[in-house]
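Enquirer: Structure: upload-v2.txt, compact mmCIF, C-alpha atoms.
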```txt
# COMPACT_ATOMS: atom_id res chain seq x y z
CA MET A 192 0.00 0.00 0.00
CA THR A 193 2.95 2.30 0.48
CA SER A 194 4.49 1.60 -2.93
CA THR A 195 2.95 4.71 -4.43
CA ALA A 196 4.37 7.07 -1.82
CA PRO A 197 7.60 7.88 -3.68
CA ILE A 198 5.71 9.16 -6.74
CA SER A 199 6.47 12.84 -7.11
CA THR A 200 3.54 15.21 -6.92
CA THR A 201 5.20 17.28 -9.62
CA ALA A 202 4.45 14.56 -12.17
CA LEU A 203 0.88 15.86 -12.57
CA ILE A 204 1.94 19.50 -12.92
CA PRO A 205 2.73 21.07 -16.31
CA ASP A 206 6.44 21.46 -16.96
CA PRO A 207 7.34 25.16 -16.56
CA ALA A 208 10.12 24.81 -19.14
CA GLN A 209 7.58 23.68 -21.73
CA ALA A 210 4.91 26.19 -20.68
CA GLN A 211 7.21 29.23 -20.68
CA PRO A 212 7.68 29.59 -24.48
CA ARG A 213 3.92 29.50 -25.05
CA ILE A 214 3.33 32.04 -22.26
CA LEU A 215 5.92 34.38 -23.76
CA ARG A 216 4.30 34.11 -27.20
CA VAL A 217 0.89 35.02 -25.78
CA LEU A 218 2.35 37.91 -23.78
CA VAL A 219 4.21 39.21 -26.84
CA ALA A 220 1.00 39.14 -28.88
CA SER A 221 -0.89 41.04 -26.19
CA GLN A 222 1.94 43.58 -25.84
CA VAL A 223 1.99 44.33 -29.57
CA LEU A 224 -1.73 45.11 -29.35
CA SER A 225 -1.52 47.08 -26.12
CA GLY A 226 1.42 49.06 -27.47
CA ALA A 227 -0.91 50.42 -30.13
CA GLY A 228 -3.42 51.20 -27.39
CA LEU A 229 -0.88 53.26 -25.47
CA ALA A 230 -0.32 55.60 -28.39
CA ALA A 231 -3.65 57.40 -28.26
CA GLY A 232 -3.24 59.14 -24.94
CA VAL A 233 0.33 60.23 -25.64
CA THR A 234 -0.32 61.33 -29.22
CA VAL A 235 -3.68 63.13 -29.15
CA GLY A 236 -4.86 63.30 -25.53
CA ALA A 237 -3.57 66.83 -24.94
CA LEU A 238 -4.70 67.99 -28.40
CA LEU A 239 -8.21 66.68 -27.79
CA ALA A 240 -8.43 68.49 -24.45
CA GLN A 241 -7.12 71.69 -26.02
CA ASP A 242 -9.63 71.44 -28.87
CA MET A 243 -12.59 70.84 -26.55
CA LEU A 244 -11.63 73.57 -24.07
CA GLY A 245 -10.40 76.10 -26.61
CA SER A 246 -7.42 76.77 -24.38
CA THR A 247 -3.97 75.37 -23.63
CA SER A 248 -4.28 76.00 -19.88
CA LEU A 249 -5.44 72.44 -19.12
CA ALA A 250 -3.84 70.68 -22.08
CA GLY A 251 -1.37 68.98 -19.76
CA LEU A 252 -4.14 67.54 -17.60
CA PRO A 253 -4.77 64.43 -19.76
CA SER A 254 -1.23 63.19 -19.15
CA ALA A 255 -1.62 63.71 -15.41
CA LEU A 256 -5.01 61.98 -15.42
CA PHE A 257 -4.03 58.80 -17.21
CA THR A 258 -0.85 58.67 -15.13
CA ALA A 259 -2.99 58.86 -11.97
CA GLY A 260 -5.32 56.25 -13.42
CA SER A 261 -2.38 53.98 -14.14
CA ALA A 262 -1.22 54.28 -10.52
CA LEU A 263 -4.61 53.16 -9.19
CA ALA A 264 -4.84 50.41 -11.80
CA ALA A 265 -1.39 49.09 -10.84
CA ILE A 266 -2.68 48.39 -7.34
CA THR A 267 -5.87 46.78 -8.64
CA VAL A 268 -4.17 44.62 -11.27
CA GLY A 269 -1.57 43.56 -8.70
CA ARG A 270 -4.20 42.54 -6.16
CA ILE A 271 -6.32 40.63 -8.68
CA SER A 272 -3.20 38.85 -9.94
CA GLN A 273 -2.18 38.05 -6.37
CA ALA A 274 -5.56 36.50 -5.58
CA HIS A 275 -6.53 34.90 -8.89
CA GLY A 276 -3.50 34.84 -11.20
CA ARG A 277 -1.99 36.90 -14.01
CA ARG A 278 -4.64 36.04 -16.60
CA PRO A 279 -7.65 37.68 -14.88
CA GLY A 280 -5.51 40.54 -13.54
CA LEU A 281 -4.04 41.56 -16.89
CA ALA A 282 -7.24 40.92 -18.86
CA THR A 283 -9.22 43.10 -16.43
CA GLY A 284 -6.67 45.90 -16.74
CA TYR A 285 -6.76 45.93 -20.54
CA LEU A 286 -10.55 45.70 -20.62
CA THR A 287 -10.70 48.73 -18.31
CA GLY A 288 -8.41 50.60 -20.69
CA ALA A 289 -10.77 49.74 -23.55
CA ILE A 290 -13.73 51.10 -21.56
CA GLY A 291 -11.77 54.30 -20.96
CA SER A 292 -11.13 54.62 -24.69
CA ALA A 293 -14.84 54.25 -25.40
CA GLY A 294 -15.51 56.94 -22.80
CA VAL A 295 -13.11 59.33 -24.53
CA ILE A 296 -14.90 58.79 -27.86
CA THR A 297 -18.27 59.41 -26.20
CA ALA A 298 -16.96 62.58 -24.55
CA ALA A 299 -15.66 63.84 -27.90
CA VAL A 300 -19.02 63.22 -29.58
CA LEU A 301 -20.88 64.98 -26.75
CA ASP A 302 -18.21 67.69 -26.45
CA ASN A 303 -18.13 67.07 -22.69
CA PRO A 304 -14.77 67.94 -21.08
CA VAL A 305 -15.73 66.51 -17.66
CA LEU A 306 -16.53 63.13 -19.18
CA LEU A 307 -13.29 63.35 -21.17
CA PHE A 308 -11.20 63.76 -18.03
CA ILE A 309 -13.00 60.92 -16.23
CA ALA A 310 -12.54 58.65 -19.26
CA LEU A 311 -8.84 59.49 -19.52
CA PHE A 312 -8.40 58.50 -15.88
CA VAL A 313 -9.99 55.10 -16.64
CA TYR A 314 -7.97 54.81 -19.86
CA GLY A 315 -4.78 54.93 -17.75
CA ALA A 316 -5.43 51.33 -16.68
CA GLY A 317 -4.04 50.21 -20.03
CA THR A 318 -0.68 51.85 -19.33
CA ALA A 319 -0.38 50.16 -15.94
CA THR A 320 -1.34 46.78 -17.35
CA ASN A 321 1.16 47.05 -20.17
CA LEU A 322 3.93 47.47 -17.60
CA GLN A 323 2.56 44.75 -15.27
CA ALA A 324 2.72 42.22 -18.11
CA ARG A 325 6.53 42.21 -17.92
CA TYR A 326 6.31 40.51 -14.53
CA ALA A 327 4.23 37.68 -15.99
CA GLY A 328 7.06 36.90 -18.39
CA ALA A 329 9.41 36.24 -15.48
CA ASP A 330 7.13 34.10 -13.28
CA LEU A 331 8.25 30.76 -14.74
CA ALA A 332 11.67 31.76 -16.01
CA PRO A 333 14.70 30.17 -14.29
CA ALA A 334 16.62 32.53 -12.01
CA GLY A 335 19.37 33.02 -14.58
CA HIS A 336 16.97 33.88 -17.41
CA ARG A 337 14.42 36.16 -15.77
CA ALA A 338 15.80 39.42 -17.14
CA ARG A 339 15.74 38.01 -20.67
CA ALA A 340 12.11 36.95 -20.21
CA VAL A 341 11.21 40.44 -19.00
CA SER A 342 13.00 42.02 -21.95
CA THR A 343 11.16 39.80 -24.45
CA VAL A 344 7.83 41.11 -23.19
CA LEU A 345 9.05 44.71 -23.08
CA VAL A 346 10.44 44.86 -26.60
CA ALA A 347 7.14 43.66 -28.05
CA THR A 348 5.54 46.92 -26.92
CA THR A 349 7.72 48.75 -29.44
CA LEU A 350 5.92 47.29 -32.44
CA GLY A 351 2.50 48.55 -31.43
CA GLY A 352 3.92 51.75 -29.98
CA VAL A 353 5.53 52.69 -33.29
CA ALA A 354 2.56 51.65 -35.42
CA GLY A 355 -0.06 53.36 -33.25
CA PRO A 356 0.82 57.04 -33.84
CA ASN A 357 1.14 56.41 -37.57
CA LEU A 358 -2.51 55.31 -37.63
CA ALA A 359 -3.70 58.69 -36.37
CA ALA A 360 -4.58 60.07 -39.82
CA PRO A 361 -6.50 57.05 -41.18
CA ALA A 362 -8.17 56.54 -37.79
CA GLY A 363 -9.30 60.16 -37.85
CA THR A 364 -10.76 59.74 -41.32
CA LEU A 365 -12.59 56.61 -40.18
CA ALA A 366 -13.93 58.46 -37.13
CA GLU A 367 -15.29 61.33 -39.24
CA HIS A 368 -17.09 58.80 -41.41
CA PHE A 369 -19.09 57.79 -38.31
CA GLY A 370 -19.60 61.34 -37.11
CA ILE A 371 -16.85 61.20 -34.48
CA PRO A 372 -14.38 64.11 -34.14
CA HIS A 373 -11.14 63.53 -36.03
CA LEU A 374 -8.86 63.66 -32.96
CA ALA A 375 -10.86 60.94 -31.21
CA GLY A 376 -10.21 58.53 -34.06
CA LEU A 377 -7.03 57.12 -32.53
CA PHE A 378 -9.03 56.12 -29.45
CA ILE A 379 -11.05 53.81 -31.70
CA ILE A 380 -7.79 52.01 -32.46
CA SER A 381 -6.85 52.15 -28.79
CA GLY A 382 -10.12 50.67 -27.57
CA ALA A 383 -10.02 47.87 -30.12
CA ALA A 384 -6.35 47.13 -29.34
CA TYR A 385 -6.91 46.95 -25.59
CA ALA A 386 -10.02 44.80 -26.00
CA LEU A 387 -8.15 42.38 -28.28
CA ALA A 388 -5.22 42.24 -25.84
CA ALA A 389 -7.66 41.33 -23.05
CA LEU A 390 -9.23 38.64 -25.26
CA VAL A 391 -5.84 37.14 -26.19
CA LEU A 392 -4.84 36.86 -22.53
CA ALA A 393 -8.22 35.55 -21.36
CA LEU A 394 -8.27 32.81 -23.99
CA TRP A 395 -4.65 31.74 -24.33
CA LEU A 396 -2.61 32.66 -21.25
CA ARG A 397 -2.85 29.08 -20.00
CA PRO A 398 -1.50 27.77 -17.74
CA ASP A 399 -1.47 30.92 -15.65
CA PRO A 400 2.25 31.62 -15.07
CA LEU A 401 1.97 32.92 -11.50
CA LEU A 402 -0.37 30.15 -10.34
CA LEU A 403 1.78 27.49 -11.98
CA ALA A 404 4.92 28.92 -10.38
CA ARG A 405 3.27 28.71 -6.96
CA THR A 406 2.08 25.16 -7.60
CA VAL A 407 5.53 24.03 -8.70
CA ALA A 408 7.17 25.62 -5.66
CA GLN A 409 4.67 24.00 -3.28
CA ALA A 410 5.08 20.59 -4.93
CA LYS A 411 8.85 20.77 -4.68
CA GLU A 412 8.62 21.58 -0.99
CA ALA A 413 6.24 18.67 -0.44
CA ASP A 414 8.42 16.22 -2.37
CA THR A 415 11.84 17.15 -1.08
CA ALA A 416 11.11 18.94 2.21
CA ALA A 417 13.47 21.58 0.83
CA SER A 418 14.77 24.30 3.07
CA PRO A 419 13.97 27.91 2.08
CA ALA A 420 17.49 28.15 0.72
CA THR A 421 16.74 25.60 -2.01
CA ALA A 422 13.22 26.62 -2.94
CA ASP A 423 12.15 29.24 -5.45
CA ASP A 424 12.24 31.90 -2.78
CA ALA A 425 15.94 31.31 -2.21
CA ASP A 426 16.46 34.51 -4.12
CA THR A 427 14.91 36.40 -1.19
CA SER A 428 18.26 36.22 0.60
CA GLU A 429 18.81 39.79 -0.52
CA GLY A 430 15.81 40.58 1.69
CA ARG A 431 14.20 43.91 2.06
CA GLY A 432 17.33 45.70 0.91
CA GLY A 433 17.01 44.09 -2.50
CA VAL A 434 13.36 45.14 -2.80
CA VAL A 435 14.24 48.70 -1.85
CA LEU A 436 17.08 48.79 -4.37
CA GLY A 437 14.91 47.40 -7.19
CA ALA A 438 12.18 49.94 -6.47
CA LEU A 439 14.69 52.79 -6.12
CA VAL A 440 16.33 51.98 -9.44
CA MET A 441 13.01 52.04 -11.29
CA ILE A 442 11.66 55.11 -9.47
CA LEU A 443 14.74 57.27 -10.06
CA THR A 444 15.14 56.20 -13.69
CA GLN A 445 11.45 56.94 -14.34
CA LEU A 446 11.63 60.36 -12.68
CA VAL A 447 14.77 61.39 -14.55
CA MET A 448 13.55 60.05 -17.88
CA VAL A 449 10.10 61.68 -17.74
CA ALA A 450 11.45 65.04 -16.52
CA ILE A 451 13.95 65.46 -19.36
CA MET A 452 11.73 63.87 -22.02
CA THR A 453 8.78 66.11 -21.15
CA MET A 454 10.68 69.36 -21.49
CA THR A 455 12.88 68.52 -24.48
CA PRO A 456 10.18 69.30 -27.11
CA VAL A 457 9.46 72.58 -25.30
CA HIS A 458 13.17 73.39 -25.24
CA MET A 459 13.44 72.65 -28.95
CA HIS A 460 10.37 74.73 -29.77
CA ASP A 461 11.86 77.67 -27.90
CA HIS A 462 14.93 77.41 -30.14
CA GLY A 463 12.90 77.46 -33.34
CA HIS A 464 12.77 73.75 -34.17
CA SER A 465 9.76 72.33 -35.96
CA THR A 466 7.30 69.81 -34.55
CA ALA A 467 8.75 67.27 -36.99
CA ALA A 468 12.22 67.73 -35.49
CA SER A 469 10.86 67.28 -31.97
CA GLY A 470 8.95 64.21 -33.12
CA LEU A 471 12.13 62.73 -34.57
CA VAL A 472 14.03 63.23 -31.31
CA ILE A 473 11.21 61.74 -29.22
CA GLY A 474 10.88 58.84 -31.68
CA ILE A 475 14.58 58.05 -31.27
CA HIS A 476 14.13 58.27 -27.52
CA VAL A 477 11.17 55.85 -27.46
CA GLY A 478 13.07 53.41 -29.67
CA ALA A 479 16.01 53.51 -27.24
CA MET A 480 13.61 52.85 -24.36
CA TYR A 481 12.43 49.50 -25.69
CA LEU A 482 14.53 48.17 -28.59
CA PRO A 483 17.66 47.38 -26.51
CA SER A 484 15.61 45.20 -24.13
CA PRO A 485 16.88 41.80 -25.39
CA LEU A 486 20.49 42.95 -25.03
CA THR A 487 19.78 44.44 -21.61
CA GLY A 488 18.15 41.22 -20.44
CA TRP A 489 21.19 39.22 -21.52
CA LEU A 490 23.54 41.66 -19.78
CA VAL A 491 21.60 41.48 -16.51
CA ASP A 492 21.54 37.67 -16.56
CA ARG A 493 25.19 37.50 -17.57
CA TYR A 494 26.77 40.15 -15.34
CA GLY A 495 24.27 40.51 -12.50
CA HIS A 496 21.88 43.11 -11.14
CA MET A 497 24.39 45.42 -9.52
CA LYS A 498 26.58 46.11 -12.53
CA ILE A 499 23.70 46.95 -14.86
CA ALA A 500 21.96 49.02 -12.17
CA ALA A 501 25.17 51.03 -11.90
CA ALA A 502 25.32 51.24 -15.70
CA SER A 503 21.81 52.71 -15.63
CA GLY A 504 22.90 55.51 -13.32
CA ILE A 505 26.03 56.24 -15.37
CA THR A 506 24.12 56.25 -18.67
CA LEU A 507 21.44 58.58 -17.29
CA LEU A 508 24.17 60.86 -15.93
CA ALA A 509 25.81 60.99 -19.37
CA ALA A 510 22.42 61.74 -20.98
CA SER A 511 21.76 64.54 -18.51
CA LEU A 512 25.17 66.14 -18.99
CA LEU A 513 24.87 65.99 -22.78
CA ALA A 514 21.35 67.45 -22.69
CA ALA A 515 22.60 70.30 -20.50
CA ALA A 516 25.63 71.01 -22.68
CA ALA A 517 24.03 70.55 -26.13
CA PRO A 518 23.44 73.80 -28.04
CA GLY A 519 19.76 74.52 -28.45
CA ASP A 520 20.10 74.50 -32.23
CA SER A 521 21.70 71.03 -32.40
CA VAL A 522 19.08 68.38 -33.17
CA ALA A 523 21.79 65.71 -33.47
CA LEU A 524 23.17 66.23 -29.96
CA LEU A 525 19.73 66.46 -28.39
CA ALA A 526 18.75 63.25 -30.20
CA LEU A 527 21.87 61.54 -28.86
CA ALA A 528 21.10 62.77 -25.35
CA LEU A 529 17.54 61.45 -25.56
CA ALA A 530 18.78 58.13 -26.97
CA LEU A 531 21.09 57.75 -23.96
CA LEU A 532 18.20 58.75 -21.72
CA GLY A 533 16.04 55.98 -23.17
CA LEU A 534 18.85 53.45 -22.88
CA GLY A 535 19.50 54.36 -19.23
CA TRP A 536 15.79 53.98 -18.50
CA ASN A 537 15.80 50.57 -20.18
CA PHE A 538 18.77 49.42 -18.10
CA GLY A 539 16.97 50.57 -14.96
CA LEU A 540 13.57 49.05 -15.73
CA VAL A 541 14.87 45.62 -16.75
CA THR A 542 17.32 45.47 -13.84
CA GLY A 543 14.82 46.72 -11.27
CA THR A 544 12.16 44.30 -12.48
CA ALA A 545 14.60 41.38 -12.22
CA ILE A 546 15.63 42.42 -8.70
CA ILE A 547 12.02 42.65 -7.51
CA THR A 548 11.13 39.30 -9.08
CA ASP A 549 14.16 37.61 -7.54
CA THR A 550 13.73 39.01 -4.04
CA VAL A 551 9.98 38.91 -3.42
CA PRO A 552 8.44 35.55 -2.36
CA LEU A 553 5.82 34.04 -4.65
CA ALA A 554 3.21 34.35 -1.91
CA THR A 555 3.29 38.15 -2.07
CA ARG A 556 4.99 38.78 -5.42
CA ALA A 557 2.12 40.18 -7.52
CA LYS A 558 0.87 42.48 -4.77
CA THR A 559 4.35 43.88 -4.15
CA GLN A 560 4.97 44.34 -7.88
CA GLY A 561 1.74 46.32 -8.14
CA LEU A 562 2.77 48.60 -5.28
CA VAL A 563 6.19 49.16 -6.85
CA ASP A 564 4.56 50.13 -10.14
CA VAL A 565 2.38 52.64 -8.27
CA SER A 566 5.59 54.27 -7.03
CA ILE A 567 6.94 54.31 -10.59
CA ALA A 568 3.77 55.99 -11.87
CA ILE A 569 3.91 58.60 -9.11
CA ALA A 570 7.58 59.24 -9.91
CA GLY A 571 6.71 59.78 -13.56
CA ALA A 572 3.90 62.18 -12.71
CA THR A 573 6.18 64.06 -10.30
CA GLY A 574 8.94 64.31 -12.89
CA GLY A 575 6.55 65.61 -15.52
CA MET A 576 4.97 68.27 -13.30
CA ALA A 577 8.18 69.37 -11.58
CA SER A 578 10.11 69.66 -14.84
CA GLY A 579 7.87 72.40 -16.20
CA ILE A 580 8.02 74.35 -12.95
CA MET A 581 11.80 74.09 -12.78
CA VAL A 582 12.40 75.10 -16.40
CA ALA A 583 10.08 78.09 -15.95
CA ALA A 584 12.01 79.13 -12.84
CA THR A 585 15.52 78.34 -14.11
CA SER A 586 16.37 76.70 -17.46
CA TYR A 587 16.44 73.42 -19.37
CA PRO A 588 20.18 72.90 -18.70
CA ALA A 589 19.54 73.38 -14.96
CA LEU A 590 16.82 70.74 -15.10
CA ALA A 591 19.12 68.32 -16.93
CA LEU A 592 21.94 68.84 -14.41
CA THR A 593 19.55 68.26 -11.50
CA CYS A 594 18.39 65.02 -13.14
CA GLY A 595 22.04 64.03 -13.56
CA ALA A 596 22.58 64.45 -9.82
CA LEU A 597 19.55 62.23 -9.12
CA ALA A 598 20.91 59.58 -11.51
CA LEU A 599 24.27 59.74 -9.77
CA ALA A 600 22.54 58.93 -6.47
CA LEU A 601 21.95 55.41 -7.78
CA LEU A 602 25.64 54.56 -7.53
CA PRO A 603 26.06 54.72 -3.73
CA ALA A 604 22.77 52.81 -3.31
CA VAL A 605 24.06 50.05 -5.59
CA ALA A 606 27.44 50.03 -3.86
CA ALA A 607 25.88 49.79 -0.39
CA THR A 608 23.63 46.88 -1.44
CA ALA A 609 26.53 45.07 -3.12
CA TYR A 610 28.66 45.54 0.01
CA ARG A 611 25.96 44.01 2.26
CA ARG A 612 25.83 40.96 -0.01
```
Hey, can you dump this file as structure tokens for me?
Expert:
Amino acid sequence: MTSTAPISTTALIPDPAQAQPRILRVLVASQVLSGAGLAAGVTVGALLAQDMLGSTSLAGLPSALFTAGSALAAITVGRISQAHGRRPGLATGYLTGAIGSAGVITAAVLDNPVLLFIALFVYGAGTATNLQARYAGADLAPAGHRARAVSTVLVATTLGGVAGPNLAAPAGTLAEHFGIPHLAGLFIISGAAYALAALVLALWLRPDPLLLARTVAQAKEADTAASPATADDADTSEGRGGVVLGALVMILTQLVMVAIMTMTPVHMHDHGHSTAASGLVIGIHVGAMYLPSPLTGWLVDRYGHMKIAAASGITLLAASLLAAAAPGDSVALLALALALLGLGWNFGLVTGTAIITDTVPLATRAKTQGLVDVSIAIAGATGGMASGIMVAATSYPALALTCGALALALLPAVAATAYRR
């Protein structure tokens, strides 16, 4: 009767190594779609508010609203994922973003600014969910491949993010055909993209990566009576210090990146550059934010968290110094500065995500990741608002130098954490 006792309980559980490639494919598909959904708010949100209000005084409010909405959504998506898994958490977030897009279209048709601002707040859920998806890519990845899994999910956003803004003109024409204001057309694309991303995840993100990771960890403990040092949560040896470092890296890189990025088009406009020139510089910046992700993931897995976290601070410092020193009439130098800014942000996001994933136990991982992303969203909103105030009071070079000092602060934090290890 005891002959069946040695049978491992893991035999009935799907193999994570076989499930991971399928999960990454589904996440990549959803990220391509959601990347297109992200474009609407960034591209035409402020223009739509300006058109409806007939004034530029509140044109910056849409960005603040969907940033605030993304902060609240990060908590909600994290808690749903914690309780029920990544699939319902991410699908709910994208579906909420789609509802927000529909609200924006309705507000444009009714010419109702109040409804517009409420809808933009709800629309922000899509931004938060797009970022949360990177964590799902790492749930089943082996410890030495987590950064690469994160980077695979991140880089997929680029495809939709690049395609989305280029659909503004045809989407506007389509909207006018149905009696919808031209500027709201891109939100038709956004709503459809978010809804399809939710559908892809709801139907095909199986097995759920977070739930499977928990099941595997529990089965291993039952089979081997492993000590915490040999289980999945062995990576928590870095403890709270590791969580703080991971969050700090992502918060500072987000603050620095948003502050300089937000004011660069204004700085260029003040020096007589065209909107096309500003668009080129920002396009290069966005490409540098996401396209290097596969290389960054490999570097983090190969050389470790601390070295690439330090590289993030150094790269952001270089970007800040170049932005401060670049002549206002030099598009090439400003483009190079913004490319370095995007690369430094990429180093920080991939590294910080890997640190958080490695140091937080599975039992509380999704909830903690959601809270960290709230901090990132708040940092971005703070950087965006403070940058305008500082440039108005001082200058763009002063802002860039201040951001460089903040980036430099990463180095002692990394050194102190490395010393404790």
Enquirer: Identify, on the basis of all atoms listed in the file, every residue whose closest approach to region 264-278 of chain A does not exceed 7 Å; exclude the query and any residue fewer than 6 positions from it along the same chain; express the result as an NGL selection string.
Expert: :A and (284 or 316 or 319-320 or 327 or 392-393 or 396 or 399-402 or 555 or 557-558 or 560-562 or 564-565)
Enquirer: Okay, now the selection with C-alpha atoms, as a short mmCIF file (atom, residue, chain, number, x, y, z; two decimals), in the coordinates of the input?
Expert:
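Written output follows (out.cif):
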```cif
data_model
loop_
_atom_site.label_atom_id
_atom_site.label_comp_id
_atom_site.auth_asym_id
_atom_site.auth_seq_id
_atom_site.Cartn_x
_atom_site.Cartn_y
_atom_site.Cartn_z
CA GLY A 284 -6.67 45.90 -16.74
CA ALA A 316 -5.43 51.33 -16.68
CA ALA A 319 -0.38 50.16 -15.94
CA THR A 320 -1.34 46.78 -17.35
CA ALA A 327 4.23 37.68 -15.99
CA LEU A 392 -4.84 36.86 -22.53
CA ALA A 393 -8.22 35.55 -21.36
CA LEU A 396 -2.61 32.66 -21.25
CA ASP A 399 -1.47 30.92 -15.65
CA PRO A 400 2.25 31.62 -15.07
CA LEU A 401 1.97 32.92 -11.50
CA LEU A 402 -0.37 30.15 -10.34
CA THR A 555 3.29 38.15 -2.07
CA ALA A 557 2.12 40.18 -7.52
CA LYS A 558 0.87 42.48 -4.77
CA GLN A 560 4.97 44.34 -7.88
CA GLY A 561 1.74 46.32 -8.14
CA LEU A 562 2.77 48.60 -5.28
CA ASP A 564 4.56 50.13 -10.14
CA VAL A 565 2.38 52.64 -8.27
#
```
Enquirer: Out of A:Met576, A:Ala598, A:Leu471, A:Leu531, which residue has the shortest atom-to-atom distance to Pro456 (chain A) when counting all atoms listed in the file?
Expert: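 Answer, going by the shortest atom-to-atom distance: A:Leu471.
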Enquirer: Check the smallest atom-to-atom distance from each of A:Ala572, A:Ala500, A:Ala354, A:Leu229 to Thr453 (chain A) using all atoms listed in the file, then report the winner.
Expert: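 Looking only at the distances to Thr453 (chain A), the closest residue turns out to be A:Ala572.
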Enquirer: Rounded to one decimal in Å, what is the spacing between CA of Gln241 (chain A) and CA of Ala467 (chain A)?
Expert: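 Value for the CA of Gln241 (chain A)-CA of Ala467 (chain A) distance: 19.8 Å.
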Enquirer: For CA of Thr544 (chain A) and CA of Ala386 (chain A), determine how far apart the two atoms are, in Å to one decimal place.
Expert: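 If I compute the distance from CA of Thr544 (chain A) to CA of Ala386 (chain A), I get 26.0 Å.
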Enquirer: For Ala388 (chain A), which of A:Gly328, A:Gly317, A:Pro304, A:Pro518 is the closest residue, counting only C-alpha atoms?
Expert: A:Gly317
Enquirer: Need to verify the contact set: Val541 (chain A), 12 Å, only C-alpha atoms, exclusion of same-chain residues closer than 2 positions in sequence. Can you return it as a PyMOL selection string?
Expert: chain A and resi 322+325-326+328-329+336-346+437-438+440-441+444+480-481+483-492+495-497+499-500+502-503+534-539+543-548
Enquirer: Within 8 Å of Leu350 (chain A), counting only C-alpha atoms, which residues show up once you throw out same-chain ones fewer than 5 positions away? Write them as a list of chain:residue names, please.
Expert: A:Val223, A:Gly226, A:Ala227
Enquirer: Go through A:Gly280, A:Gly574, A:Pro207, A:Gly351 and flag the residue nearest Ser225 (chain A), using all atoms listed in the file for the distances.
Expert: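 Using all atoms listed in the file, Ser225 (chain A) sits closest to A:Gly351.
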Enquirer: Select, from A:Leu224, A:Ala262, A:Leu527, A:Ala332, the residue with the minimum atom-to-atom distance to Pro212 (chain A), counting only C-alpha atoms.
Expert: A:Ala332
Enquirer: Mind giving me the straight-line distance from CA of Ile451 (chain A) to CA of Ala606 (chain A) in Å, one decimal?
Expert: 25.7 Å
Enquirer: Write out as a list in words the residues lying within 10 Å of Val522 (chain A), counting all atoms listed in the file and excluding same-chain residues fewer than 6 positions away.
Expert: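 In the requested format, the answer is Met459, His464, Ala468, Ser469, Leu471, Val472 and Ala528 of chain A.
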Enquirer: May I have the residues from that selection written out with C-alpha atoms, as a PDB file, keeping the file's coordinate frame?
Expert:
```
ATOM      1  CA  MET A 459      13.440  72.650 -28.950  1.00  0.00           C
ATOM      2  CA  HIS A 464      12.770  73.750 -34.170  1.00  0.00           C
ATOM      3  CA  ALA A 468      12.220  67.730 -35.490  1.00  0.00           C
ATOM      4  CA  SER A 469      10.860  67.280 -31.970  1.00  0.00           C
ATOM      5  CA  LEU A 471      12.130  62.730 -34.570  1.00  0.00           C
ATOM      6  CA  VAL A 472      14.030  63.230 -31.310  1.00  0.00           C
ATOM      7  CA  ALA A 528      21.100  62.770 -25.350  1.00  0.00           C
TER       8      ALA A 528
END
```
